[in-house]
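Data first, discussion second: the structure below is written as structure tokens.
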Amino acid sequence: MKRSIFYFAAIGLLFFASCHRTPEERLQRAMMPLAKAYLDTCKVSYDSVRVDCVDTITELSYANLNIELLTNMEANYEMQYEEALVEDTAKAKYLRLYLGDIRRTIDDFQDLMETGDLKNTGVLLYMVTGVLSKGEEKENFMFLVRPDKKTLHTLDPFGNNLLYEEE
């Protein structure tokens, strides 16, 4: 009798443990409605969606992410600027202005990093990555979510620098 009670208790514990979700699984599950909202906002059709990973973005990693984005942007505009110098002086003038804005914004982020005031802990944003399926095709996606886990965030280094927002 004692063995059967112990046996059923062990099975019950194993069943309960297998149903228990880790904090990471709960976070991924909480991001599913946001993944669908993001894809709907982008007007992407899909048959199914899977959230694979939810990473945290700290203030420091946010600054690095913006610097990387701006550096890629700068390289792209630099090539366009070189071509425009030969072909179109009006376009070259505007591209030079864009390059100046990009350089100032990169410098601004680098200055913030050099002060040592940016935290490398805590959550400034969540970066959610996953895969959508449409028929046989699969496509990766990525989006950002505010710490409230309800609000999507668009990365715009020129318009909404989260490092300057009041807490």
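Each chain in the structure tokens gets a letter, A, B, ..., in the order shown, and its residues are numbered from 1; ligands are numbered from 1 in order too.
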Residues of region 59-161 of chain A that have any atom at most 10 Å from an atom of region 35-43 of chain A: could you tabulate them with the shortest-distance atom pair and the distance in Å to one decimal, using only C-alpha atoms, ordered by chain and increasing number, as a tab-separated table?
```
residue	atom	partner	partner_atom	distance
A:Val128	CA	A:Ala35	CA	8.0
A:Thr129	CA	A:Ala35	CA	8.8
A:Gly130	CA	A:Ala35	CA	8.3
A:Val131	CA	A:Ala35	CA	9.8
A:Leu132	CA	A:Leu39	CA	9.0
A:Phe141	CA	A:Leu39	CA	8.6
A:Met142	CA	A:Ala35	CA	8.7
A:Phe143	CA	A:Tyr38	CA	7.4
A:Leu144	CA	A:Tyr38	CA	9.4
A:Val145	CA	A:Ala35	CA	9.7
A:Leu152	CA	A:Tyr38	CA	7.4
A:His153	CA	A:Tyr38	CA	9.8
```
Near-Asn120 (chain A) list (12 Å; only C-alpha atoms; drop same-chain fewer than 3 positions) as an MDAnalysis selection string: chainID A and resid 56:64 113 116:117 123:124
Can you write out the residues you just picked, keeping all heavy atoms, as an mmCIF file, in the first residue's frame?
```cif
data_model
loop_
_atom_site.group_PDB
_atom_site.id
_atom_site.type_symbol
_atom_site.label_atom_id
_atom_site.label_comp_id
_atom_site.auth_asym_id
_atom_site.auth_seq_id
_atom_site.Cartn_x
_atom_site.Cartn_y
_atom_site.Cartn_z
ATOM 1 N N THR A 56 17.297 40.328 -23.533
ATOM 2 C CA THR A 56 17.160 41.635 -22.904
ATOM 3 C C THR A 56 18.189 42.589 -23.498
ATOM 4 O O THR A 56 19.316 42.194 -23.794
ATOM 5 C CB THR A 56 17.357 41.561 -21.380
ATOM 6 O OG1 THR A 56 18.635 41.010 -21.110
ATOM 7 C CG2 THR A 56 16.276 40.730 -20.729
ATOM 8 N N ILE A 57 17.767 43.820 -23.670
ATOM 9 C CA ILE A 57 18.654 44.875 -24.143
ATOM 10 C C ILE A 57 18.804 45.873 -23.008
ATOM 11 O O ILE A 57 17.822 46.428 -22.520
ATOM 12 C CB ILE A 57 18.086 45.552 -25.407
ATOM 13 C CG1 ILE A 57 18.034 44.531 -26.540
ATOM 14 C CG2 ILE A 57 18.917 46.772 -25.786
ATOM 15 C CD1 ILE A 57 17.558 45.077 -27.856
ATOM 16 N N THR A 58 20.042 46.046 -22.579
ATOM 17 C CA THR A 58 20.355 47.007 -21.514
ATOM 18 C C THR A 58 20.628 48.367 -22.145
ATOM 19 O O THR A 58 20.654 48.500 -23.375
ATOM 20 C CB THR A 58 21.600 46.547 -20.735
ATOM 21 O OG1 THR A 58 22.717 46.558 -21.637
ATOM 22 C CG2 THR A 58 21.412 45.162 -20.141
ATOM 23 N N GLU A 59 20.867 49.364 -21.314
ATOM 24 C CA GLU A 59 21.206 50.688 -21.845
ATOM 25 C C GLU A 59 22.477 50.629 -22.694
ATOM 26 O O GLU A 59 22.533 51.220 -23.781
ATOM 27 C CB GLU A 59 21.405 51.679 -20.694
ATOM 28 C CG GLU A 59 20.140 52.026 -19.968
ATOM 29 C CD GLU A 59 20.366 52.934 -18.773
ATOM 30 O OE1 GLU A 59 21.531 53.141 -18.352
ATOM 31 O OE2 GLU A 59 19.367 53.449 -18.254
ATOM 32 N N LEU A 60 23.471 49.905 -22.212
ATOM 33 C CA LEU A 60 24.731 49.804 -22.944
ATOM 34 C C LEU A 60 24.557 49.071 -24.274
ATOM 35 O O LEU A 60 25.070 49.518 -25.312
ATOM 36 C CB LEU A 60 25.773 49.105 -22.071
ATOM 37 C CG LEU A 60 27.207 49.176 -22.539
ATOM 38 C CD1 LEU A 60 27.676 50.627 -22.662
ATOM 39 C CD2 LEU A 60 28.114 48.434 -21.567
ATOM 40 N N SER A 61 23.831 47.968 -24.260
ATOM 41 C CA SER A 61 23.632 47.230 -25.511
ATOM 42 C C SER A 61 22.738 48.016 -26.475
ATOM 43 O O SER A 61 22.893 47.912 -27.689
ATOM 44 C CB SER A 61 23.092 45.824 -25.256
ATOM 45 O OG SER A 61 21.880 45.845 -24.551
ATOM 46 N N TYR A 62 21.824 48.834 -25.936
ATOM 47 C CA TYR A 62 20.996 49.709 -26.776
ATOM 48 C C TYR A 62 21.877 50.729 -27.498
ATOM 49 O O TYR A 62 21.720 50.954 -28.710
ATOM 50 C CB TYR A 62 19.957 50.415 -25.908
ATOM 51 C CG TYR A 62 19.086 51.410 -26.624
ATOM 52 C CD1 TYR A 62 18.009 50.991 -27.409
ATOM 53 C CD2 TYR A 62 19.320 52.771 -26.506
ATOM 54 C CE1 TYR A 62 17.196 51.908 -28.051
ATOM 55 C CE2 TYR A 62 18.509 53.695 -27.147
ATOM 56 C CZ TYR A 62 17.447 53.260 -27.918
ATOM 57 O OH TYR A 62 16.645 54.173 -28.564
ATOM 58 N N ALA A 63 22.821 51.330 -26.799
ATOM 59 C CA ALA A 63 23.736 52.289 -27.422
ATOM 60 C C ALA A 63 24.571 51.588 -28.498
ATOM 61 O O ALA A 63 24.731 52.116 -29.608
ATOM 62 C CB ALA A 63 24.639 52.926 -26.368
ATOM 63 N N ASN A 64 25.083 50.403 -28.199
ATOM 64 C CA ASN A 64 25.860 49.647 -29.187
ATOM 65 C C ASN A 64 25.022 49.284 -30.407
ATOM 66 O O ASN A 64 25.507 49.359 -31.536
ATOM 67 C CB ASN A 64 26.436 48.375 -28.559
ATOM 68 C CG ASN A 64 27.689 48.633 -27.774
ATOM 69 O OD1 ASN A 64 28.537 49.408 -28.186
ATOM 70 N ND2 ASN A 64 27.806 47.985 -26.628
ATOM 71 N N MET A 113 28.298 56.511 -23.921
ATOM 72 C CA MET A 113 28.987 55.295 -23.490
ATOM 73 C C MET A 113 30.260 55.625 -22.711
ATOM 74 O O MET A 113 30.587 54.947 -21.744
ATOM 75 C CB MET A 113 29.312 54.419 -24.702
ATOM 76 C CG MET A 113 28.079 53.804 -25.335
ATOM 77 S SD MET A 113 28.455 52.860 -26.813
ATOM 78 C CE MET A 113 29.274 51.434 -26.104
ATOM 79 N N GLY A 116 30.260 56.386 -18.795
ATOM 80 C CA GLY A 116 30.155 55.292 -17.835
ATOM 81 C C GLY A 116 28.827 55.266 -17.099
ATOM 82 O O GLY A 116 28.646 54.492 -16.168
ATOM 83 N N ASP A 117 27.894 56.118 -17.510
ATOM 84 C CA ASP A 117 26.593 56.184 -16.844
ATOM 85 C C ASP A 117 25.603 55.131 -17.336
ATOM 86 O O ASP A 117 24.562 54.927 -16.705
ATOM 87 C CB ASP A 117 25.964 57.572 -17.034
ATOM 88 C CG ASP A 117 26.736 58.655 -16.297
ATOM 89 O OD1 ASP A 117 27.452 58.313 -15.332
ATOM 90 O OD2 ASP A 117 26.635 59.832 -16.696
ATOM 91 N N VAL A 123 16.551 45.822 -17.770
ATOM 92 C CA VAL A 123 15.901 45.684 -19.070
ATOM 93 C C VAL A 123 15.458 47.055 -19.558
ATOM 94 O O VAL A 123 14.627 47.707 -18.936
ATOM 95 C CB VAL A 123 14.667 44.750 -18.982
ATOM 96 C CG1 VAL A 123 13.957 44.663 -20.323
ATOM 97 C CG2 VAL A 123 15.071 43.374 -18.504
ATOM 98 N N LEU A 124 16.023 47.471 -20.683
ATOM 99 C CA LEU A 124 15.553 48.677 -21.361
ATOM 100 C C LEU A 124 14.529 48.274 -22.410
ATOM 101 O O LEU A 124 13.511 48.929 -22.586
ATOM 102 C CB LEU A 124 16.723 49.421 -22.006
ATOM 103 C CG LEU A 124 16.387 50.738 -22.680
ATOM 104 C CD1 LEU A 124 15.900 51.755 -21.646
ATOM 105 C CD2 LEU A 124 17.590 51.289 -23.428
#
```
Between A:Leu162, A:Lys149, A:Leu118, A:Gln80, which residue has the minimum interatomic distance to Arg29 (chain A), considering only C-alpha atoms? A:Lys149
What lies within 8 Å of Pro157 (chain A) using only C-alpha atoms, ignoring chain neighbours under 2 positions off, as a PyMOL selection string? chain A and resi 66+70+105+155+159-161
All strand (DSSP E) residues (DSSP, backbone) inside region 43-115 of chain A, as a PyMOL selection string: chain A and resi 48-57
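Counting only C-alpha atoms, the residue from A:Asp108, A:Asp55, A:Ala84, A:Asn76 that sits nearest to Gly122 (chain A) is A:Asp55.
Take the candidates A:Asp156, A:Lys150, A:Leu95, A:Phe109 and check each one against Glu82 (chain A) using only C-alpha atoms; the shortest distance goes to A:Leu95.
Contact shell of Glu25 (chain A) at 12 Å (only C-alpha atoms; same-chain neighbours under 6 positions omitted): Cys19, Met31, Met32, Val51, Asp52, Cys53 and Val54 of chain A.
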Helix (DSSP H, G or I) residues, from DSSP on the backbone, in region 25-111 of chain A, as a count of residues only: 69
Calculated over only C-alpha atoms, which of the candidates A:Tyr81, A:Glu114, A:Leu163, A:Lys119 has the smallest distance to Tyr98 (chain A)? A:Tyr81
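Across the model, the gap from CA of Arg104 (chain A) to CA of Leu85 (chain A) is 21.7 Å.
Considering only C-alpha atoms, the residue among A:Ile67, A:Val86, A:Ala30, A:Met127 positioned nearest to Asp111 (chain A) is A:Ile67.
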